[in-house]
file run_2.txt (compact mmCIF, C-alpha atoms)
# COMPACT_ATOMS: atom_id res chain seq x y z
CA MET O 1 65.08 115.32 74.17
CA ARG O 2 63.92 111.74 73.89
CA ASN O 3 62.56 112.11 70.37
CA ALA O 4 64.96 114.82 69.19
CA GLY O 5 66.63 112.41 66.77
CA ARG O 6 63.28 111.59 65.23
CA THR O 7 62.01 115.13 64.88
CA ASN O 8 65.42 116.66 64.03
CA PRO O 9 67.29 113.94 62.15
CA ASP O 10 70.05 116.35 61.09
CA ARG O 11 70.93 117.21 64.68
CA VAL O 12 74.13 115.66 66.04
CA PHE O 13 74.38 114.91 69.74
CA TYR O 14 77.69 114.80 71.62
CA LEU O 15 78.41 113.08 74.93
CA ALA O 16 80.38 115.47 77.18
CA VAL O 17 83.14 113.60 79.00
CA ARG O 18 85.68 114.93 81.45
CA ASP O 19 89.24 114.45 80.18
CA GLU O 20 90.26 112.26 83.14
CA VAL O 21 87.25 109.98 82.67
CA TYR O 22 87.98 109.65 78.97
CA ALA O 23 91.60 108.67 79.71
CA ASP O 24 90.47 106.04 82.24
CA ILE O 25 87.43 104.53 80.56
CA PHE O 26 87.36 105.21 76.84
CA ASP O 27 90.68 103.48 76.21
CA GLU O 28 89.13 100.18 77.31
CA PRO O 29 87.98 97.72 74.61
CA ILE O 30 84.36 97.69 75.88
CA ALA O 31 84.13 101.47 75.60
CA LYS O 32 85.45 101.35 72.04
CA ILE O 33 82.79 98.76 71.17
CA LEU O 34 80.01 100.90 72.68
CA VAL O 35 81.19 104.01 70.82
CA GLU O 36 81.28 102.04 67.58
CA ASP O 37 77.92 100.29 68.09
CA TYR O 38 76.04 103.40 69.20
CA LYS O 39 77.94 105.86 66.98
CA VAL O 40 78.72 108.14 69.90
CA HIS O 41 80.17 111.60 69.28
CA ILE O 42 82.27 112.85 72.20
CA VAL O 43 83.34 116.27 73.40
CA LEU O 44 86.16 116.38 75.98
CA PHE O 45 86.33 119.07 78.62
CA GLN O 46 88.62 120.07 81.46
CA LEU O 47 86.62 120.71 84.59
CA GLU O 48 89.09 122.92 86.43
CA GLN O 49 89.66 125.27 83.47
CA GLU O 50 86.00 125.02 82.40
CA VAL O 51 87.03 124.55 78.78
CA ILE O 52 86.14 122.22 75.94
CA PHE O 53 89.36 121.14 74.32
CA LYS O 54 88.52 118.37 71.88
CA TRP O 55 85.60 117.32 69.68
CA ILE O 56 85.64 113.66 68.63
CA PRO O 57 83.05 112.86 65.97
CA TRP O 58 82.10 109.23 65.57
CA SER O 59 84.00 107.52 62.82
CA ASN O 60 83.85 104.01 61.42
CA THR O 61 87.52 104.06 60.46
CA GLY O 62 88.52 102.10 63.55
CA SER O 63 90.91 104.79 64.78
call {"tool": "encode", "arguments": {"input": "run_2.txt", "output": "structure tokens"}}
result
Amino acid sequence: MRNAGRTNPDRVFYLAVRDEVYADIFDEPIAKILVEDYKVHIVLFQLEQEVIFKWIPWSNTGS
């Protein structure tokens, strides 16, 4: 997995984040900076329902 970006440059990786964690952490300014700097794609899931409910691709629009 370490070199997957090098050998498969078209592959997009997503960070899976529990909805409660996203609400607590990713609204903080430091988290927004890290997402912007590292171009992190995020997928949100609900643990209890075992469901993915939102895909958030990285965007440089600032929203």
call {"tool": "closest_residue", "arguments": {"input": "run_2.txt", "among": "O:Arg6, O:Tyr22, O:Phe53, O:Val12", "to": "O:Val40", "atoms": "only C-alpha atoms"}}
result
O:Val12
call {"tool": "atom_distance", "arguments": {"input": "run_2.txt", "atom1": "atom CA of O:Phe45", "atom2": "atom CA of O:Asn8"}}
result
25.6 Å
call {"tool": "closest_residue", "arguments": {"input": "run_2.txt", "among": "O:Val17, O:Lys54, O:Pro9, O:Ser59", "to": "O:Lys32", "atoms": "all atoms listed in the file"}}
result
O:Ser59
call {"tool": "residues_near_point", "arguments": {"input": "run_2.txt", "point": "(89.2, 115.4, 86.3)", "cutoff": "12 Å", "atoms": "all atoms listed in the file", "output": "ChimeraX atom specification"}}
result
/O:17-24,44-50
call {"tool": "axis_aligned_box", "arguments": {"input": "run_2.txt", "around": "stretch 44-62 of chain O", "padding_each_side": "8 Å", "output": "JSON"}}
result
{"center_x": 85.9, "center_y": 113.7, "center_z": 73.4, "size_x": 23.6, "size_y": 39.2, "size_z": 42.0}
call {"tool": "closest_residue", "arguments": {"input": "run_2.txt", "among": "O:Ile42, O:Ile33, O:Ile25, O:Ala16", "to": "O:Trp55", "atoms": "all atoms listed in the file"}}
result
O:Ile42
call {"tool": "atom_distance", "arguments": {"input": "run_2.txt", "atom1": "atom CA of O:Lys39", "atom2": "atom CA of O:Val51"}}
result
23.9 Å
call {"tool": "atom_distance", "arguments": {"input": "run_2.txt", "atom1": "atom CA of O:Phe13", "atom2": "atom CA of O:His41"}}
result
6.7 Å
call {"tool": "closest_residue", "arguments": {"input": "run_2.txt", "among": "O:Leu15, O:Val43, O:Thr7, O:Tyr38", "to": "O:Ile56", "atoms": "only C-alpha atoms"}}
result
O:Val43
